[in-house]
>>> print(open('my_file-v7.txt').read())   # compact mmCIF, C-alpha atoms and all ligand atoms
# COMPACT_ATOMS: atom_id res chain seq x y z
CA MET A 872 74.17 118.50 88.31
CA LYS A 873 76.57 118.18 85.35
CA LYS A 874 78.39 114.84 85.40
CA ILE A 875 82.15 115.31 85.63
CA ILE A 876 84.23 113.04 83.42
CA ALA A 877 87.84 113.33 84.54
CA ALA A 878 91.00 111.91 82.99
CA ASN A 879 94.03 111.20 85.15
CA TRP A 880 96.93 110.70 82.78
CA LYS A 881 99.28 109.87 85.68
CA MET A 882 102.90 109.69 84.41
CA HIS A 883 102.07 109.26 80.75
CA LYS A 884 102.60 111.35 77.60
CA ILE A 885 105.39 113.65 76.47
CA ARG A 886 104.28 116.98 75.03
CA PRO A 887 103.69 115.95 71.40
CA GLU A 888 101.52 113.07 72.60
CA ALA A 889 99.62 115.35 74.97
CA ALA A 890 99.12 117.94 72.22
CA LYS A 891 97.74 115.31 69.87
CA GLU A 892 95.28 113.88 72.36
CA ALA A 893 94.17 117.30 73.63
CA ALA A 894 93.58 118.48 70.06
CA VAL A 895 91.40 115.46 69.29
CA LEU A 896 89.38 116.04 72.47
CA ALA A 897 89.02 119.77 71.82
CA GLN A 898 88.05 119.30 68.17
CA SER A 899 85.44 116.71 69.03
CA LEU A 900 84.07 118.67 71.94
CA VAL A 901 84.14 122.12 70.33
CA LYS A 902 81.07 121.05 68.43
CA GLY A 903 79.46 120.78 71.84
CA THR A 904 80.49 118.79 74.86
CA PRO A 905 77.24 117.12 75.80
CA ASP A 906 75.76 119.96 77.89
CA ASN A 907 75.40 117.71 80.89
CA ARG A 908 79.14 116.94 81.02
CA LEU A 909 82.19 118.71 82.38
CA VAL A 910 85.49 117.19 81.23
CA VAL A 911 88.59 117.70 83.36
CA VAL A 912 92.00 116.39 82.27
CA PHE A 913 94.82 115.96 84.80
CA PRO A 914 98.03 115.70 82.73
CA PRO A 915 101.62 115.54 84.02
CA TYR A 916 102.96 119.01 84.92
CA THR A 917 104.99 119.37 81.72
CA ASP A 918 101.85 118.86 79.61
CA ILE A 919 99.50 121.23 81.46
CA ALA A 920 100.18 124.32 79.35
CA THR A 921 99.98 122.29 76.14
CA VAL A 922 96.60 120.83 77.11
CA ALA A 923 95.29 124.17 78.41
CA ASP A 924 96.22 125.85 75.11
CA ALA A 925 94.38 123.18 73.13
CA PHE A 926 91.30 123.52 75.36
CA SER A 927 91.14 127.32 75.44
CA GLY A 928 87.81 128.65 74.29
CA VAL A 929 86.09 125.25 74.41
CA ASN A 930 83.21 125.09 76.88
CA ASN A 931 83.07 122.46 79.58
CA LEU A 932 86.73 121.47 79.26
CA ALA A 933 89.16 122.13 82.10
CA VAL A 934 92.70 121.19 83.11
CA GLY A 935 94.04 120.22 86.50
CA GLY A 936 97.25 119.37 88.33
CA GLN A 937 97.76 115.87 89.75
CA ASN A 938 99.54 117.23 92.82
CA PHE A 939 101.16 120.35 94.31
CA TYR A 940 102.98 121.43 97.46
CA PRO A 941 101.00 123.50 99.96
CA ALA A 942 103.13 126.65 100.00
CA GLU A 943 103.31 129.77 97.83
CA SER A 944 106.99 129.33 97.00
CA GLY A 945 110.21 128.43 98.72
CA ALA A 946 113.02 125.93 99.08
CA TYR A 947 111.05 122.79 98.19
CA THR A 948 113.21 121.02 95.62
CA GLY A 949 111.19 119.02 93.16
CA GLU A 950 107.82 120.47 94.15
CA ILE A 951 105.33 122.68 92.33
CA SER A 952 103.08 125.42 93.72
CA PRO A 953 99.42 126.11 93.00
CA ALA A 954 100.44 129.45 91.46
CA MET A 955 102.65 127.58 88.99
CA LEU A 956 99.81 125.24 88.10
CA ARG A 957 97.50 128.22 87.62
CA ASP A 958 100.07 129.97 85.44
CA ALA A 959 100.22 126.87 83.23
CA GLY A 960 96.43 126.90 82.85
CA ALA A 961 95.15 124.56 85.57
CA THR A 962 92.02 125.38 87.55
CA TRP A 963 91.57 121.99 89.26
CA ALA A 964 93.89 119.84 91.37
CA LEU A 965 93.78 116.34 92.80
CA THR A 966 94.48 115.65 96.46
CA GLY A 967 94.67 112.32 98.25
CA HIS A 968 95.04 110.11 95.18
CA SER A 969 95.75 106.54 96.24
CA GLU A 970 99.10 106.54 94.43
CA ARG A 971 100.13 109.62 96.44
CA ARG A 972 98.93 107.92 99.64
CA HIS A 973 100.51 104.53 98.99
CA ILE A 974 103.56 105.05 96.76
CA PHE A 975 104.57 108.47 98.13
CA ALA A 976 103.44 107.87 101.72
CA GLU A 977 101.20 110.94 101.92
CA ASN A 978 99.27 110.81 105.17
CA ASP A 979 95.94 112.38 106.11
CA ASP A 980 97.71 115.38 107.59
CA ILE A 981 99.57 116.40 104.41
CA ILE A 982 96.46 115.68 102.34
CA ALA A 983 94.45 117.97 104.64
CA LYS A 984 97.07 120.70 104.24
CA LYS A 985 97.05 120.36 100.46
CA THR A 986 93.25 120.36 100.29
CA ALA A 987 92.96 123.51 102.44
CA PHE A 988 95.80 125.30 100.66
CA GLY A 989 94.56 124.44 97.18
CA LEU A 990 91.06 125.69 98.04
CA ALA A 991 92.48 128.88 99.56
CA GLN A 992 94.43 129.43 96.33
CA GLY A 993 91.20 129.32 94.36
CA PHE A 994 91.47 125.80 92.95
CA LYS A 995 88.69 123.33 92.56
CA ILE A 996 89.85 120.30 94.47
CA MET A 997 89.07 116.70 93.64
CA LEU A 998 89.73 114.86 96.90
CA CYS A 999 90.28 111.13 96.37
CA VAL A 1000 89.32 108.55 98.96
CA GLY A 1001 89.12 104.77 98.97
CA GLU A 1002 89.95 101.61 100.86
CA THR A 1003 92.51 98.89 100.20
CA LEU A 1004 91.35 95.32 99.71
CA LYS A 1005 92.56 94.41 103.19
CA GLU A 1006 90.62 97.29 104.74
CA ARG A 1007 87.49 96.19 102.87
CA ASP A 1008 87.98 92.56 103.88
CA ASP A 1009 88.49 93.63 107.49
CA GLY A 1010 85.15 95.49 107.44
CA GLU A 1011 86.81 98.89 107.62
CA LEU A 1012 85.29 100.55 104.54
CA LYS A 1013 83.17 103.02 106.52
CA SER A 1014 85.85 103.91 109.03
CA VAL A 1015 88.41 104.48 106.26
CA LEU A 1016 86.06 106.74 104.28
CA SER A 1017 85.11 108.58 107.44
CA ARG A 1018 88.74 109.15 108.43
CA GLN A 1019 89.85 110.22 104.94
CA LEU A 1020 86.96 112.67 104.49
CA SER A 1021 86.89 114.12 107.98
CA THR A 1022 90.63 114.69 108.27
CA ALA A 1023 90.56 116.65 104.99
CA ILE A 1024 87.34 118.61 105.49
CA ALA A 1025 86.82 119.10 109.23
CA PRO A 1026 89.85 121.40 109.68
CA LEU A 1027 88.42 123.93 107.18
CA SER A 1028 86.95 127.01 108.85
CA PRO A 1029 83.15 127.44 108.78
CA ALA A 1030 83.60 130.22 106.19
CA GLU A 1031 85.73 127.95 104.01
CA ARG A 1032 83.25 125.12 104.32
CA ASP A 1033 80.42 127.47 103.27
CA ARG A 1034 82.25 128.11 100.01
CA LEU A 1035 82.82 124.46 99.08
CA GLY A 1036 79.66 124.26 96.95
CA ASP A 1037 81.31 124.47 93.53
CA LYS A 1038 84.88 123.98 94.70
CA LEU A 1039 85.09 120.46 96.05
CA ALA A 1040 84.47 117.12 94.37
CA ILE A 1041 85.11 113.72 95.93
CA ALA A 1042 86.45 110.77 93.93
CA TYR A 1043 85.74 107.38 95.47
CA GLU A 1044 88.44 105.08 94.12
CA PRO A 1045 88.71 101.68 95.80
CA VAL A 1046 92.44 100.97 95.72
CA TRP A 1047 91.86 97.36 94.63
CA ALA A 1048 90.01 98.56 91.52
CA ILE A 1049 92.69 100.99 90.31
CA GLY A 1050 94.58 99.73 87.28
CA THR A 1051 93.53 96.15 87.99
CA GLY A 1052 90.69 95.70 85.50
CA LYS A 1053 88.55 94.71 88.51
CA VAL A 1054 85.75 97.26 88.62
CA ALA A 1055 83.67 97.47 91.81
CA GLU A 1056 80.25 95.78 91.65
CA PRO A 1057 77.29 98.13 91.15
CA GLN A 1058 76.03 97.52 94.69
CA GLU A 1059 79.49 98.18 96.14
CA ILE A 1060 79.58 101.51 94.32
CA ILE A 1061 76.05 102.42 95.41
CA ASP A 1062 76.84 101.60 99.06
CA ALA A 1063 80.17 103.42 99.14
CA HIS A 1064 78.78 106.53 97.42
CA ALA A 1065 75.79 106.63 99.80
CA GLU A 1066 78.24 106.40 102.68
CA VAL A 1067 80.34 109.24 101.26
CA ARG A 1068 77.19 111.38 100.83
CA ASP A 1069 76.17 110.69 104.44
CA LEU A 1070 79.61 111.48 105.78
CA LEU A 1071 79.63 114.72 103.77
CA ARG A 1072 76.26 115.65 105.25
CA GLY A 1073 77.81 115.31 108.69
CA LEU A 1074 80.71 117.54 107.65
CA VAL A 1075 79.08 120.27 105.52
CA GLY A 1076 75.36 119.87 106.14
CA ASP A 1077 72.91 120.44 103.28
CA MET A 1078 75.67 121.41 100.88
CA ALA A 1079 76.56 117.71 100.73
CA LYS A 1080 73.91 117.19 98.07
CA ASP A 1081 75.71 119.62 95.73
CA LEU A 1082 79.17 118.06 96.03
CA PRO A 1083 79.89 115.73 93.10
CA ILE A 1084 81.01 112.21 94.01
CA LEU A 1085 82.93 110.50 91.20
CA TYR A 1086 83.75 106.82 90.89
CA GLY A 1087 87.21 105.72 89.76
CA GLY A 1088 88.84 102.33 89.26
CA SER A 1089 89.02 100.40 85.98
CA VAL A 1090 86.38 102.51 84.26
CA LYS A 1091 86.22 101.65 80.54
CA ALA A 1092 83.99 102.61 77.63
CA ASN A 1093 82.00 99.40 78.12
CA ASN A 1094 81.14 99.98 81.80
CA ALA A 1095 81.03 103.80 82.02
CA GLY A 1096 77.35 104.24 81.16
CA ALA A 1097 76.15 101.67 83.69
CA ILE A 1098 78.29 103.15 86.48
CA LEU A 1099 77.19 106.72 85.69
CA ALA A 1100 73.55 105.63 86.01
CA LEU A 1101 74.00 104.45 89.62
CA ASP A 1102 72.64 106.44 92.58
CA ASN A 1103 74.97 109.17 93.84
CA VAL A 1104 77.44 108.71 90.98
CA ASP A 1105 78.08 112.24 89.69
CA GLY A 1106 81.00 111.45 87.46
CA LEU A 1107 83.99 109.25 86.68
CA LEU A 1108 87.73 109.55 87.27
CA VAL A 1109 89.43 107.53 84.55
CA GLY A 1110 93.06 106.43 84.41
CA GLY A 1111 94.18 103.94 81.76
CA ALA A 1112 91.11 104.30 79.54
CA SER A 1113 91.57 108.08 79.32
CA LEU A 1114 94.93 107.82 77.57
CA GLU A 1115 93.52 107.36 74.13
CA ALA A 1116 91.14 110.07 72.89
CA THR A 1117 88.71 107.90 70.94
CA GLY A 1118 88.00 105.63 73.89
CA PHE A 1119 87.82 108.54 76.30
CA LEU A 1120 85.33 110.33 74.01
CA GLU A 1121 83.14 107.23 74.23
CA ILE A 1122 83.26 107.45 78.02
CA ILE A 1123 82.38 111.16 77.88
CA GLY A 1124 79.37 110.31 75.74
CA ALA A 1125 78.32 107.31 77.86
P1 LIG A 1201 92.38 103.19 86.19
O1 LIG A 1201 91.18 103.79 85.47
O2 LIG A 1201 93.54 102.95 85.30
O3 LIG A 1201 91.96 102.02 87.02
O4 LIG A 1201 92.88 104.33 87.23
C1 LIG A 1201 91.96 104.92 88.08
C2 LIG A 1201 92.60 106.08 88.75
O5 LIG A 1201 93.47 105.94 89.59
C3 LIG A 1201 92.18 107.42 88.32
O6 LIG A 1201 92.67 108.39 89.21
>>> encode(input="my_file-v7.txt", output="structure tokens")
Amino acid sequence: MKKIIAANWKMHKIRPEAAKEAAVLAQSLVKGTPDNRLVVVFPPYTDIATVADAFSGVNNLAVGGQNFYPAESGAYTGEISPAMLRDAGATWALTGHSERRHIFAENDDIIAKKTAFGLAQGFKIMLCVGETLKERDDGELKSVLSRQLSTAIAPLSPAERDRLGDKLAIAYEPVWAIGTGKVAEPQEIIDAHAEVRDLLRGLVGDMAKDLPILYGGSVKANNAGAILALDNVDGLLVGGASLEATGFLEIIGA
């Protein structure tokens, strides 16, 4: 399985900044993204077309939306549709990111709707899951992961689930490791990813082995290689350390 190295730019970069970073990435990777890597960048909406233009024609580079509203169009002031993301050049989208869950109060129900709608619209979905520090301390890691995965995946029809093979990736991002500089310990990552794999097996059967599980939370150039080498780690979702192309290229090559 190709390792997926994903960049979540969050609410950073105006278009000239995005163009500059995307050009550096494309120029470096045009010579050949390491063949065992797929790089996906999730820029703010206003940067998607800029990044997609810079990436066009370069293998193993893709662009995604950080969010969308689960409807084709309509009176949803301030929202964006999957069709609009696609038109701008996105083929991936995030659902369930912890900042959507905790800052914007997205619950499991809306995340399930977005996941199903995005998949139905032909997007590859990166579904983010992860526990808060309190949930971990209270011994709720497994129940949180189980609830977040099952509420998003179980409502899909059997036919939809059969097609998830190359359409769904999971990002395990412990909330306490996001933007804090406190990366999860190797054993914590191994345990959580094994749990996610098990839960996926219960939800989609054998296909679970083909679904990439990424780790996210304070990934940097100096820890990326060690995390990627852990069992059941099929990629990385990188926030802060993806904002500067040179450092991100080091993570891609880790
Ligand atoms: P940081 O890499 O900045 O901790 O962010 C992780 C994240 O939320 C990626 O989606």
>>> closest_residue(input="my_file-v7.txt", among="A:Val929, A:Leu1016, A:Ala877, A:Met882", to="Tyr1086 in chain A", atoms="all atoms listed in the file")
A:Ala877
>>> axis_aligned_box(input="my_file-v7.txt", around="ligand LIG 1201 (chain A)", padding_each_side="5 Å", output="JSON")
{"center_x": 92.4, "center_y": 105.2, "center_z": 87.4, "size_x": 12.4, "size_y": 16.4, "size_z": 14.3}
>>> residues_around(input="my_file-v7.txt", residues="Trp963 in chain A", least_positions_apart="3", cutoff="12 Å", atoms="all atoms listed in the file", output="NGL selection string")
:A and (877-879 or 910-914 or 919 or 923 or 932-939 or 953-954 or 956-957 or 959-960 or 966 or 986 or 989-990 or 992-998 or 1037-1040)
>>> closest_residue(input="my_file-v7.txt", among="A:Val1054, A:Ala991, A:Leu900, A:Ile1024", to="ligand LIG 1201 (chain A)", atoms="all atoms listed in the file")
A:Val1054
>>> closest_residue(input="my_file-v7.txt", among="A:Lys874, A:Arg1018, A:Lys1091, A:His973", to="Ala1112 in chain A", atoms="all atoms listed in the file")
A:Lys1091
>>> residues_around(input="my_file-v7.txt", residues="Ile1041 in chain A", least_positions_apart="2", cutoff="8 Å", atoms="all atoms listed in the file", output="list in words")
Met997, Leu998, Cys999, Val1000, Leu1039, Tyr1043, Leu1082, Pro1083, Ile1084 and Leu1085 of chain A
>>> atom_distance(input="my_file-v7.txt", atom1="CA of Lys891 in chain A", atom2="CA of Asn907 in chain A")
25.0 Å
>>> closest_residue(input="my_file-v7.txt", among="A:Asp1102, A:Asp1062, A:Asp979, A:Glu970", to="Trp1047 in chain A", atoms="only C-alpha atoms")
A:Glu970
>>> closest_atom_pairs(input="my_file-v7.txt", of="chain A", to="ligand LIG 1201 (chain A)", cutoff="7 Å", atoms="only C-alpha atoms and all ligand atoms", output="CSV")
residue,atom,partner,partner_atom,distance
A:Asn879,CA,A:LIG1201,O6,5.1
A:His968,CA,A:LIG1201,O6,6.6
A:Glu1044,CA,A:LIG1201,O5,6.8
A:Ala1048,CA,A:LIG1201,O3,6.0
A:Ile1049,CA,A:LIG1201,O3,3.5
A:Gly1050,CA,A:LIG1201,O3,3.5
A:Thr1051,CA,A:LIG1201,O3,6.2
A:Gly1052,CA,A:LIG1201,O3,6.6
A:Gly1087,CA,A:LIG1201,C1,5.1
A:Gly1088,CA,A:LIG1201,O3,3.9
A:Ser1089,CA,A:LIG1201,O3,3.5
A:Val1090,CA,A:LIG1201,O1,5.1
A:Leu1108,CA,A:LIG1201,C3,5.0
A:Val1109,CA,A:LIG1201,O1,4.2
A:Gly1110,CA,A:LIG1201,O1,3.4
A:Gly1111,CA,A:LIG1201,O2,3.7
A:Ala1112,CA,A:LIG1201,O1,6.0
>>> write_last_selection(input="my_file-v7.txt", atoms="C-alpha atoms", output="short mmCIF file (atom, residue, chain, number, x, y, z; two decimals), in the frame of the given file")
data_model
loop_
_atom_site.label_atom_id
_atom_site.label_comp_id
_atom_site.auth_asym_id
_atom_site.auth_seq_id
_atom_site.Cartn_x
_atom_site.Cartn_y
_atom_site.Cartn_z
CA ASN A 879 94.03 111.20 85.15
CA HIS A 968 95.04 110.11 95.18
CA GLU A 1044 88.44 105.08 94.12
CA ALA A 1048 90.01 98.56 91.52
CA ILE A 1049 92.69 100.99 90.31
CA GLY A 1050 94.58 99.73 87.28
CA THR A 1051 93.53 96.15 87.99
CA GLY A 1052 90.69 95.70 85.50
CA GLY A 1087 87.21 105.72 89.76
CA GLY A 1088 88.84 102.33 89.26
CA SER A 1089 89.02 100.40 85.98
CA VAL A 1090 86.38 102.51 84.26
CA LEU A 1108 87.73 109.55 87.27
CA VAL A 1109 89.43 107.53 84.55
CA GLY A 1110 93.06 106.43 84.41
CA GLY A 1111 94.18 103.94 81.76
CA ALA A 1112 91.11 104.30 79.54
#
>>> residues_near_point(input="my_file-v7.txt", point="(102.9, 117.6, 74.9)", cutoff="9 Å", atoms="only C-alpha atoms", output="VMD selection string")
chain A and resid 884 to 893 917 to 922
>>> residues_around(input="my_file-v7.txt", residues="range 1115-1119 of chain A", least_positions_apart="4", cutoff="7 Å", atoms="all atoms listed in the file", output="ChimeraX atom specification")
/A:892,895-896,1092,1123
>>> atom_distance(input="my_file-v7.txt", atom1="CA of Ala987 in chain A", atom2="CA of Lys1005 in chain A")
29.1 Å
>>> closest_residue(input="my_file-v7.txt", among="A:Ala1125, A:Leu909, A:Met955, A:Val1067", to="Lys873 in chain A", atoms="only C-alpha atoms")
A:Leu909
>>> closest_residue(input="my_file-v7.txt", among="A:Ser1021, A:Asn1103, A:Asn1093, A:Thr948", to="Ile1060 in chain A", atoms="all atoms listed in the file")
A:Asn1103
>>> atom_distance(input="my_file-v7.txt", atom1="CA of Thr1022 in chain A", atom2="CA of Lys984 in chain A")
9.7 Å
>>> residues_around(input="my_file-v7.txt", residues="Leu1101 in chain A", least_positions_apart="3", cutoff="12 Å", atoms="all atoms listed in the file", output="PyMOL selection string")
chain A and resi 1056-1065+1084-1086+1094-1098+1104-1107
